[in-house]
file input_7.txt (compact mmCIF, C-alpha atoms)
# COMPACT_ATOMS: atom_id res chain seq x y z
CA MET A 1 4.16 3.36 31.52
CA GLU A 2 7.71 2.33 30.61
CA LYS A 3 6.63 -1.30 30.71
CA LEU A 4 3.83 -0.60 28.25
CA LYS A 5 6.25 1.21 25.94
CA GLU A 6 8.60 -1.77 25.97
CA LEU A 7 5.78 -4.20 25.21
CA TYR A 8 4.53 -2.00 22.37
CA LYS A 9 8.00 -1.70 20.89
CA LYS A 10 8.55 -5.45 21.11
CA TYR A 11 5.25 -6.64 19.62
CA TYR A 12 3.72 -3.77 17.65
CA TYR A 13 6.21 -1.03 16.71
CA ILE A 14 7.13 -0.98 13.02
CA SER A 15 9.43 1.64 11.52
CA PRO A 16 8.07 3.76 8.62
CA LEU A 17 10.74 2.39 6.27
CA ASP A 18 9.70 -1.20 6.98
CA GLN A 19 6.14 -0.30 5.99
CA ALA A 20 7.07 1.38 2.70
CA ASP A 21 6.28 -1.71 0.63
CA PHE A 22 2.89 -2.14 2.31
CA ALA A 23 2.22 1.55 1.68
CA GLU A 24 2.76 0.92 -2.03
CA SER A 25 0.21 -1.92 -1.87
CA ASN A 26 -2.23 0.47 -0.17
CA ARG A 27 -1.60 3.06 -2.90
CA LEU A 28 -2.19 0.63 -5.75
CA MET A 29 -5.33 -0.80 -4.15
CA ASN A 30 -6.67 2.69 -3.56
CA LEU A 31 -5.81 3.76 -7.11
CA TYR A 32 -7.58 0.77 -8.60
CA TRP A 33 -10.71 0.73 -6.46
CA SER A 34 -11.23 4.48 -6.11
CA GLY A 35 -11.94 4.74 -9.85
CA ILE A 36 -14.58 2.02 -9.63
CA CYS A 37 -16.12 3.40 -6.43
CA PHE A 38 -16.39 6.89 -7.91
CA PHE A 39 -18.67 5.78 -10.74
CA VAL A 40 -20.77 3.59 -8.43
CA VAL A 41 -21.33 6.41 -5.93
CA LEU A 42 -21.94 8.92 -8.74
CA ALA A 43 -24.62 6.63 -10.21
CA PHE A 44 -26.38 6.40 -6.84
CA LEU A 45 -26.16 10.18 -6.42
CA VAL A 46 -27.75 10.77 -9.83
CA LEU A 47 -30.54 8.29 -9.04
CA GLU A 48 -31.13 9.99 -5.69
CA LEU A 49 -31.36 13.43 -7.33
CA VAL A 50 -33.61 12.28 -10.18
CA PHE A 51 -36.08 9.99 -8.43
CA LYS A 52 -36.24 11.58 -4.99
CA ARG A 53 -36.02 15.26 -5.84
CA GLU A 54 -39.49 15.84 -4.35
CA TYR A 55 -38.27 14.49 -1.02
CA TYR A 56 -35.04 16.45 -0.91
CA ARG A 57 -35.33 17.48 2.76
CA GLU A 58 -35.82 13.89 3.93
CA HIS A 59 -32.86 12.66 1.90
CA ARG A 60 -30.55 15.68 2.04
CA PHE A 61 -28.01 13.94 4.30
CA GLN A 62 -27.67 10.97 1.92
CA ILE A 63 -27.15 13.44 -0.94
CA ILE A 64 -24.48 15.34 1.03
CA TYR A 65 -22.85 12.02 1.90
CA MET A 66 -22.65 10.83 -1.70
CA ALA A 67 -21.62 14.23 -3.10
CA GLY A 68 -18.85 14.44 -0.50
CA ALA A 69 -17.86 10.86 -1.28
CA CYS A 70 -17.42 11.74 -4.97
CA VAL A 71 -15.16 14.65 -4.04
CA SER A 72 -13.09 12.68 -1.53
CA ILE A 73 -12.71 9.70 -3.90
CA SER A 74 -11.58 12.01 -6.73
CA LEU A 75 -9.04 13.70 -4.45
CA SER A 76 -7.85 10.32 -3.22
CA PHE A 77 -7.36 9.08 -6.79
CA VAL A 78 -5.25 12.13 -7.69
CA LEU A 79 -3.13 11.75 -4.54
CA SER A 80 -2.55 8.07 -5.34
CA ARG A 81 -1.18 9.10 -8.73
CA VAL A 82 1.14 11.87 -7.53
CA THR A 83 2.64 9.87 -4.64
CA LYS A 84 3.92 7.05 -6.85
CA ASN A 85 7.61 7.97 -6.69
CA VAL A 86 7.95 9.60 -3.27
CA PRO A 87 11.10 8.65 -1.27
CA ARG A 88 10.78 5.40 0.67
CA GLN A 89 11.39 7.20 3.95
CA LYS A 90 8.16 9.17 3.40
CA ALA A 91 6.17 6.48 1.60
CA TYR A 92 4.49 5.14 4.73
CA ILE A 93 2.66 8.43 5.31
CA LEU A 94 2.31 9.90 1.82
CA LYS A 95 1.21 6.75 -0.02
CA THR A 96 -1.37 5.87 2.63
CA LEU A 97 -2.72 9.43 2.82
CA PRO A 98 -5.10 8.92 -0.17
CA PHE A 99 -6.77 6.06 1.69
CA TYR A 100 -7.19 8.23 4.81
CA VAL A 101 -8.96 10.86 2.69
CA ILE A 102 -11.65 8.36 1.68
CA TYR A 103 -11.94 6.68 5.08
CA CYS A 104 -12.16 9.95 7.03
CA TRP A 105 -15.12 11.09 4.93
CA CYS A 106 -16.93 7.91 3.86
CA GLY A 107 -16.09 5.75 6.88
CA THR A 108 -16.20 8.17 9.83
CA THR A 109 -17.33 11.79 9.26
CA CYS A 110 -20.43 11.06 7.18
CA PRO A 111 -21.55 7.99 9.15
CA ILE A 112 -21.38 10.10 12.34
CA MET A 113 -23.38 12.83 10.60
CA LEU A 114 -26.00 10.29 9.49
CA PHE A 115 -26.03 8.71 12.94
CA TYR A 116 -26.95 11.96 14.71
CA ASN A 117 -29.20 13.56 12.08
CA GLN A 118 -31.30 10.75 10.64
CA ALA A 119 -34.36 9.30 12.31
CA ASN A 120 -33.00 5.81 11.67
CA HIS A 121 -29.79 6.06 13.70
CA TYR A 122 -28.73 2.53 12.81
CA ASN A 123 -27.73 3.61 9.29
CA GLY A 124 -24.75 5.71 10.34
CA LEU A 125 -23.66 3.27 13.03
CA ILE A 126 -23.73 0.25 10.71
CA VAL A 127 -21.84 2.12 7.96
CA PHE A 128 -19.11 3.10 10.43
CA LEU A 129 -18.73 -0.38 11.94
CA CYS A 130 -18.77 -2.15 8.57
CA ALA A 131 -16.35 0.30 6.93
CA THR A 132 -13.89 0.08 9.84
CA ASN A 133 -13.91 -3.72 9.95
CA ILE A 134 -13.42 -3.95 6.18
CA VAL A 135 -10.53 -1.47 6.34
CA LEU A 136 -8.79 -3.47 9.08
CA CYS A 137 -9.12 -6.66 7.06
CA ILE A 138 -7.78 -5.17 3.81
CA PHE A 139 -5.31 -2.40 4.66
CA THR A 140 -2.30 -2.50 6.97
CA ALA A 141 -3.01 -1.14 10.44
CA SER A 142 -1.23 2.12 11.26
CA LEU A 143 -1.12 4.47 14.23
CA PRO A 144 -2.90 7.33 12.39
CA LEU A 145 -5.68 4.88 11.53
CA PHE A 146 -5.86 3.82 15.18
CA ALA A 147 -6.18 7.48 16.24
CA ILE A 148 -8.99 8.08 13.71
CA ILE A 149 -10.86 5.01 14.95
CA ILE A 150 -10.57 6.03 18.62
CA VAL A 151 -11.85 9.56 17.93
CA SER A 152 -14.75 8.23 15.81
CA CYS A 153 -15.76 5.61 18.39
CA ALA A 154 -15.70 8.22 21.15
CA ALA A 155 -17.79 10.65 19.05
CA MET A 156 -20.57 8.07 18.77
CA VAL A 157 -20.74 7.17 22.47
CA PRO A 158 -23.15 9.99 23.56
CA GLY A 159 -25.56 9.13 20.76
CA VAL A 160 -25.43 5.40 21.46
CA VAL A 161 -26.28 6.00 25.14
CA ARG A 162 -29.10 8.40 24.25
CA PHE A 163 -30.64 6.49 21.34
CA PHE A 164 -30.16 2.84 22.31
CA GLY A 165 -29.96 2.77 26.11
CA PRO A 166 -27.92 0.35 28.27
CA TYR A 167 -28.43 -2.72 26.08
CA GLY A 168 -27.40 -0.91 22.91
CA THR A 169 -24.42 0.62 24.73
CA PHE A 170 -23.30 -2.85 25.80
CA ASN A 171 -23.51 -4.12 22.21
CA TYR A 172 -21.62 -1.07 20.94
CA THR A 173 -18.89 -1.67 23.51
CA ILE A 174 -18.49 -5.27 22.31
CA ALA A 175 -18.36 -4.07 18.68
CA THR A 176 -15.62 -1.51 19.45
CA LEU A 177 -13.63 -4.10 21.42
CA ILE A 178 -13.74 -6.35 18.34
CA ILE A 179 -12.44 -3.46 16.21
CA PHE A 180 -9.52 -2.79 18.57
CA THR A 181 -8.76 -6.52 18.74
CA LEU A 182 -8.68 -6.68 14.93
CA PHE A 183 -6.33 -3.71 14.87
CA PHE A 184 -3.79 -5.29 17.22
CA ILE A 185 -4.03 -8.68 15.48
CA ASN A 186 -3.39 -6.93 12.15
CA ARG A 187 -0.44 -5.05 13.62
CA TYR A 188 1.05 -8.13 15.31
CA LYS A 189 0.81 -10.26 12.15
CA LEU A 190 2.43 -7.44 10.17
CA LYS A 191 5.30 -7.36 12.67
CA GLN A 192 5.79 -11.14 12.37
CA HIS A 193 5.67 -10.91 8.60
CA LEU A 194 8.40 -8.28 8.57
CA ALA A 195 10.56 -10.43 10.84
CA LEU A 196 10.44 -13.22 8.24
CA ILE A 197 11.40 -10.77 5.48
CA LYS A 198 14.43 -9.57 7.44
CA LYS A 199 15.49 -13.14 8.09
CA GLN A 200 15.35 -13.88 4.36
CA LYS A 201 17.38 -10.72 3.66
CA ASN A 202 20.48 -12.43 5.09
CA ASN A 203 20.40 -14.94 2.20
CA LEU A 204 19.20 -12.84 -0.74
CA GLU A 205 21.65 -10.41 -2.35
CA ALA A 206 21.88 -8.31 -5.51
CA LYS A 207 25.26 -7.27 -6.86
CA THR A 208 24.89 -4.32 -9.21
CA PHE A 209 28.44 -2.96 -9.49
CA GLY A 210 29.84 -4.44 -12.67
CA ASN A 211 27.50 -7.05 -14.16
CA PHE A 212 24.21 -7.60 -12.38
CA THR A 213 23.95 -10.82 -10.36
CA LEU A 214 21.17 -12.07 -8.10
CA LEU A 215 22.33 -14.47 -5.38
CA TYR A 216 20.46 -16.66 -2.92
CA GLU A 217 22.49 -18.47 -0.29
CA ASN A 218 25.62 -17.42 -2.25
CA LYS A 219 24.42 -19.12 -5.45
CA ALA A 220 23.24 -17.33 -8.58
CA VAL A 221 19.47 -17.40 -9.01
CA LYS A 222 18.67 -19.01 -12.36
CA PHE A 223 15.64 -18.20 -14.45
CA SER A 224 14.29 -20.01 -17.50
CA ARG A 225 14.43 -16.82 -19.57
CA SER A 226 17.35 -14.38 -19.72
CA LYS A 227 15.07 -11.34 -19.75
CA THR A 228 13.56 -12.36 -16.41
CA LEU A 229 16.84 -11.41 -14.75
CA GLU A 230 16.76 -8.08 -16.60
CA LEU A 231 13.21 -7.52 -15.36
CA ILE A 232 14.36 -8.04 -11.75
CA ALA A 233 17.39 -5.79 -12.34
CA TYR A 234 15.23 -2.93 -13.59
CA LEU A 235 12.83 -3.24 -10.65
CA ILE A 236 15.78 -3.16 -8.25
CA VAL A 237 16.82 0.17 -9.79
CA LYS A 238 13.25 1.39 -9.24
CA ASN A 239 13.92 0.91 -5.51
CA GLY A 240 10.44 -0.24 -4.52
CA SER A 241 8.43 1.97 -6.90
CA SER A 242 6.00 0.18 -9.17
CA ALA A 243 6.44 -0.17 -12.93
CA ASN A 244 3.45 -0.97 -15.12
CA THR A 245 3.37 -3.30 -18.12
CA LYS A 246 3.86 -0.56 -20.71
CA GLU A 247 6.98 0.77 -18.98
CA LEU A 248 8.51 -2.69 -18.64
CA LEU A 249 7.75 -3.60 -22.25
CA CYS A 250 9.64 -0.50 -23.42
CA VAL A 251 12.63 -1.34 -21.21
CA LEU A 252 12.80 -5.03 -22.10
CA TYR A 253 11.80 -5.01 -25.78
CA GLY A 254 12.39 -1.47 -27.02
CA ASP A 255 10.57 1.87 -27.13
CA TYR A 256 8.06 0.70 -29.71
CA ALA A 257 7.10 -2.56 -28.03
CA ASP A 258 3.40 -3.08 -27.42
CA SER A 259 1.38 -5.59 -25.45
CA ALA A 260 -0.35 -6.91 -28.58
CA ARG A 261 2.95 -8.24 -29.92
CA TYR A 262 4.97 -8.89 -26.78
CA GLY A 263 2.22 -9.47 -24.22
CA SER A 264 2.56 -13.26 -24.26
CA SER A 265 6.35 -13.08 -23.83
CA PHE A 266 5.99 -10.59 -20.98
CA ARG A 267 3.46 -12.77 -19.16
CA SER A 268 5.90 -15.66 -19.50
CA LEU A 269 8.59 -13.53 -17.82
CA ILE A 270 6.29 -12.76 -14.89
CA SER A 271 5.39 -16.43 -14.50
CA ASP A 272 9.07 -17.38 -14.72
CA ALA A 273 10.01 -14.86 -12.02
CA LYS A 274 7.29 -16.06 -9.66
CA ARG A 275 7.98 -19.74 -10.27
CA SER A 276 11.79 -19.53 -9.98
CA LEU A 277 11.70 -17.44 -6.79
CA ALA A 278 9.02 -19.63 -5.19
CA LYS A 279 11.05 -22.75 -6.00
CA LEU A 280 13.90 -21.36 -3.90
CA GLY A 281 11.54 -20.34 -1.10
CA ILE A 282 12.04 -16.60 -1.71
CA GLN A 283 8.93 -14.78 -0.52
CA ASN A 284 7.73 -11.17 -0.29
CA PHE A 285 10.39 -9.96 -2.72
CA PHE A 286 8.73 -9.77 -6.16
CA THR A 287 5.17 -8.42 -6.20
CA ALA A 288 2.62 -8.18 -9.01
CA GLU A 289 -0.51 -6.12 -8.22
CA TYR A 290 -3.08 -4.49 -10.49
CA ASN A 291 -0.86 -4.68 -13.58
CA ASN A 292 2.00 -3.11 -11.61
CA PHE A 293 5.23 -4.84 -10.61
CA ARG A 294 7.89 -4.09 -8.01
CA ILE A 295 10.42 -5.61 -5.63
CA ASN A 296 10.68 -5.00 -1.89
CA PRO A 297 14.07 -3.38 -1.12
CA GLU A 298 13.73 -4.37 2.53
CA ALA A 299 13.86 -8.05 1.53
CA ILE A 300 17.29 -7.99 -0.14
CA LYS A 301 20.89 -6.92 0.45
CA CYS A 302 22.13 -4.70 -2.36
CA ASP A 303 25.30 -2.68 -2.93
CA TYR A 304 23.26 -0.10 -4.89
CA TYR A 305 20.99 0.52 -1.90
CA ASP A 306 23.98 0.72 0.42
CA PHE A 307 25.50 3.33 -1.91
CA LEU A 308 22.30 5.39 -1.87
CA ALA A 309 22.27 5.18 1.93
CA GLY A 310 25.76 6.72 1.97
CA GLU A 311 27.62 3.74 3.39
CA PRO A 312 31.38 4.40 2.95
CA ASP A 313 32.24 0.79 2.00
CA ALA A 314 29.68 0.77 -0.82
CA ILE A 315 30.85 4.13 -2.15
CA LYS A 316 34.45 2.91 -2.05
CA ARG A 317 33.58 -0.30 -3.95
CA TYR A 318 31.91 1.58 -6.79
CA ALA A 319 34.36 1.81 -9.71
CA GLY A 320 32.16 3.42 -12.37
CA GLU A 321 30.45 0.22 -13.53
CA PHE A 322 26.78 -0.49 -12.91
CA MET A 323 24.78 -3.35 -14.44
CA ASN A 324 27.08 -3.33 -17.46
CA GLN A 325 25.00 -5.79 -19.50
CA TYR A 326 22.00 -3.42 -19.70
CA SER A 327 22.09 -0.22 -21.79
CA TRP A 328 19.20 1.37 -19.86
CA ALA A 329 21.42 1.35 -16.72
CA GLU A 330 23.83 3.93 -18.16
CA ASP A 331 21.89 6.90 -16.74
CA THR A 332 21.98 5.38 -13.26
CA ALA A 333 25.71 4.69 -13.63
CA ALA A 334 26.27 8.36 -14.50
CA PHE A 335 24.21 9.42 -11.48
CA LEU A 336 26.27 7.19 -9.18
CA GLU A 337 29.49 8.55 -10.67
CA ARG A 338 28.43 12.14 -9.95
CA LYS A 339 27.33 11.20 -6.45
CA ALA A 340 30.63 9.40 -5.76
CA LEU A 341 32.66 12.40 -6.95
CA ALA A 342 30.51 14.83 -4.93
CA GLY A 343 30.86 12.67 -1.78
call {"tool": "encode", "arguments": {"input": "input_7.txt", "output": "structure tokens"}}
result
Amino acid sequence: MEKLKELYKKYYYISPLDQADFAESNRLMNLYWSGICFFVVLAFLVLELVFKREYYREHRFQIIYMAGACVSISLSFVLSRVTKNVPRQKAYILKTLPFYVIYCWCGTTCPIMLFYNQANHYNGLIVFLCATNIVLCIFTASLPLFAIIIVSCAAMVPGVVRFFGPYGTFNYTIATLIIFTLFFINRYKLKQHLALIKKQKNNLEAKTFGNFTLLYENKAVKFSRSKTLELIAYLIVKNGSSANTKELLCVLYGDYADSARYGSSFRSLISDAKRSLAKLGIQNFFTAEYNNFRINPEAIKCDYYDFLAGEPDAIKRYAGEFMNQYSWAEDTAAFLERKALAG
């Protein structure tokens, strides 16, 4: 048992903090797609109720499935909104929770219900297998997800044996082995990816006390546009939380800036950030997803993050100055001052 624990820790264990950035990707993906899925499922539910109302008993399980899906998708959407700014230590669980809400209903509970209660048992089985494989290809693999998959696979075993016999049981066993293989491949690749990020962290540094400076291999990172550096500075203060276009326009161009007037300039900043960082070989640091932008705090050394973590050296180095060249940083400077005095 100890040997297995050591192997798991070496190849598959990932701390919750290391997965915080991936949790934000999960949250944004869920926020974006849940809105689309809700209207698609609602349309099918309305069609089912209108055109098959005379055959309600035969189709009652599909109706329950779609009605439940609408509820779970709505709840998931709300949770994705309210978990935007949770602490990074809790992000891994709280930001992925909305996805679990949808998967537990649409991908496991309802397919199992359809599998056991419909005459055509293949429907529920195919929905479960397809949903699980899609999830493992799109979302990051986590231990709660693994537990849900194991319980769901086990719940279907009696039905598979009864409905499909030895041959069907053999096929189902192969299908579940593929699912578990996908899970561990997903987890292993995630572990390797994080190792590369940590290696890069030794060379990428942000100095926020005084004037803001971004360094790579002890040299200042240069951008084509001055506001690109300000964009990165603001996202560093956000500490891994996403900022949308409207928020960034207000910060960079003023409270009354709008995308109609400044949209082209803003897009140029995003392109400049991506191009300049890629030219230096800096990866997995600046992310743009679904009109939301963020940086990964685990990919950079930063005196501000060290201060927040309570490291004595960082607290000692702070002398009341924080990103002096940016007026929007004054509130953060005041917060750090109070924290330094309290500590």
call {"tool": "closest_residue", "arguments": {"input": "input_7.txt", "among": "A:Lys95, A:Ala69, A:Ala273, A:Ser142", "to": "A:Arg225", "atoms": "all atoms listed in the file"}}
result
A:Ala273
call {"tool": "closest_residue", "arguments": {"input": "input_7.txt", "among": "A:Tyr167, A:Phe146, A:Tyr216, A:Phe128", "to": "A:Ile282", "atoms": "only C-alpha atoms"}}
result
A:Tyr216
call {"tool": "residues_around", "arguments": {"input": "input_7.txt", "residues": "A:Lys189", "least_positions_apart": "2", "cutoff": "12 Å", "atoms": "all atoms listed in the file", "output": "MDAnalysis selection string"}}
result
chainID A and resid 11:14 137 140:141 182:187 191:196
call {"tool": "residues_around", "arguments": {"input": "input_7.txt", "residues": "stretch 103-109 of chain A", "least_positions_apart": "5", "cutoff": "7 Å", "atoms": "all atoms listed in the file", "output": "PDB file with C-alpha atoms, keeping the file's coordinate frame"}}
result
ATOM      1  CA  ALA A  69     -17.860  10.860  -1.280  1.00  0.00           C
ATOM      2  CA  SER A  72     -13.090  12.680  -1.530  1.00  0.00           C
ATOM      3  CA  VAL A 127     -21.840   2.120   7.960  1.00  0.00           C
ATOM      4  CA  PHE A 128     -19.110   3.100  10.430  1.00  0.00           C
ATOM      5  CA  ALA A 131     -16.350   0.300   6.930  1.00  0.00           C
ATOM      6  CA  THR A 132     -13.890   0.080   9.840  1.00  0.00           C
ATOM      7  CA  SER A 152     -14.750   8.230  15.810  1.00  0.00           C
TER       8      SER A 152
END
call {"tool": "closest_atom_pairs", "arguments": {"input": "input_7.txt", "of": "stretch 90-159 of chain A", "to": "stretch 28-40 of chain A", "cutoff": "10 Å", "atoms": "all atoms listed in the file", "output": "JSON lines"}}
result
{"residue": "A:Lys95", "atom": "CA", "partner": "A:Leu28", "partner_atom": "CA", "distance": 9.0}
{"residue": "A:Thr96", "atom": "CA", "partner": "A:Asn30", "partner_atom": "CA", "distance": 8.7}
{"residue": "A:Pro98", "atom": "CA", "partner": "A:Asn30", "partner_atom": "CA", "distance": 7.3}
{"residue": "A:Phe99", "atom": "CA", "partner": "A:Asn30", "partner_atom": "CA", "distance": 6.2}
{"residue": "A:Ile102", "atom": "CA", "partner": "A:Ser34", "partner_atom": "CA", "distance": 8.7}
{"residue": "A:Ile138", "atom": "CA", "partner": "A:Met29", "partner_atom": "CA", "distance": 9.4}
{"residue": "A:Phe139", "atom": "CA", "partner": "A:Met29", "partner_atom": "CA", "distance": 9.0}
call {"tool": "residues_around", "arguments": {"input": "input_7.txt", "residues": "A:Leu269", "least_positions_apart": "6", "cutoff": "8 Å", "atoms": "all atoms listed in the file", "output": "list in words"}}
result
Arg225, Lys227, Thr228 and Leu231 of chain A
call {"tool": "residues_around", "arguments": {"input": "input_7.txt", "residues": "A:Gln89", "least_positions_apart": "6", "cutoff": "9 Å", "atoms": "all atoms listed in the file", "output": "list in words"}}
result
Pro16, Leu17 and Ala20 of chain A
call {"tool": "residues_around", "arguments": {"input": "input_7.txt", "residues": "A:Phe44", "least_positions_apart": "6", "cutoff": "12 Å", "atoms": "all atoms listed in the file", "output": "list in words"}}
result
Cys37, Phe38, Val50, Phe51, Lys52, Gln62, Ile63, Tyr65, Met66, Ala67, Ala69 and Cys70 of chain A
call {"tool": "atom_distance", "arguments": {"input": "input_7.txt", "atom1": "atom CA of A:Met113", "atom2": "atom CA of A:Thr181"}}
result
25.6 Å
call {"tool": "axis_aligned_box", "arguments": {"input": "input_7.txt", "around": "stretch 28-38 of chain A", "padding_each_side": "6 Å", "output": "lines of an AutoDock Vina configuration file"}}
result
center_x = -9.3
center_y = 3.0
center_z = -6.7
size_x = 26.2
size_y = 19.7
size_z = 18.3
call {"tool": "atom_distance", "arguments": {"input": "input_7.txt", "atom1": "atom CA of A:Tyr8", "atom2": "atom CA of A:Leu145"}}
result
16.4 Å
call {"tool": "atom_distance", "arguments": {"input": "input_7.txt", "atom1": "atom CA of A:Ala233", "atom2": "atom CA of A:Glu247"}}
result
14.0 Å
call {"tool": "closest_atom_pairs", "arguments": {"input": "input_7.txt", "of": "stretch 182-239 of chain A", "to": "stretch 284-292 of chain A", "cutoff": "10 Å", "atoms": "all atoms listed in the file", "output": "Markdown table"}}
result
| residue | atom | partner | partner_atom | distance |
| --- | --- | --- | --- | --- |
| A:His193 | CA | A:Asn284 | CA | 9.1 |
| A:Leu194 | CA | A:Asn284 | CA | 9.3 |
| A:Leu196 | CA | A:Asn284 | CA | 9.2 |
| A:Ile197 | CA | A:Asn284 | CA | 6.8 |
| A:Gln200 | CA | A:Asn284 | CA | 9.3 |
| A:Lys201 | CA | A:Phe285 | CA | 9.5 |
| A:Leu204 | CA | A:Phe285 | CA | 9.5 |
| A:Ile232 | CA | A:Phe286 | CA | 8.1 |
| A:Leu235 | CA | A:Phe286 | CA | 8.9 |
| A:Ile236 | CA | A:Phe286 | CA | 9.9 |
call {"tool": "closest_residue", "arguments": {"input": "input_7.txt", "among": "A:Ser74, A:Thr245, A:Asn202, A:Asn171", "to": "A:Ile270", "atoms": "all atoms listed in the file"}}
result
A:Thr245
call {"tool": "closest_residue", "arguments": {"input": "input_7.txt", "among": "A:Tyr100, A:Phe209, A:Tyr188, A:Phe115", "to": "A:Cys302", "atoms": "only C-alpha atoms"}}
result
A:Phe209
call {"tool": "closest_residue", "arguments": {"input": "input_7.txt", "among": "A:Leu49, A:Leu308, A:Val237, A:Ala299", "to": "A:Ala329", "atoms": "only C-alpha atoms"}}
result
A:Val237
call {"tool": "closest_residue", "arguments": {"input": "input_7.txt", "among": "A:Ser242, A:Ser259, A:Thr176, A:Asn120", "to": "A:Asn133", "atoms": "only C-alpha atoms"}}
result
A:Thr176
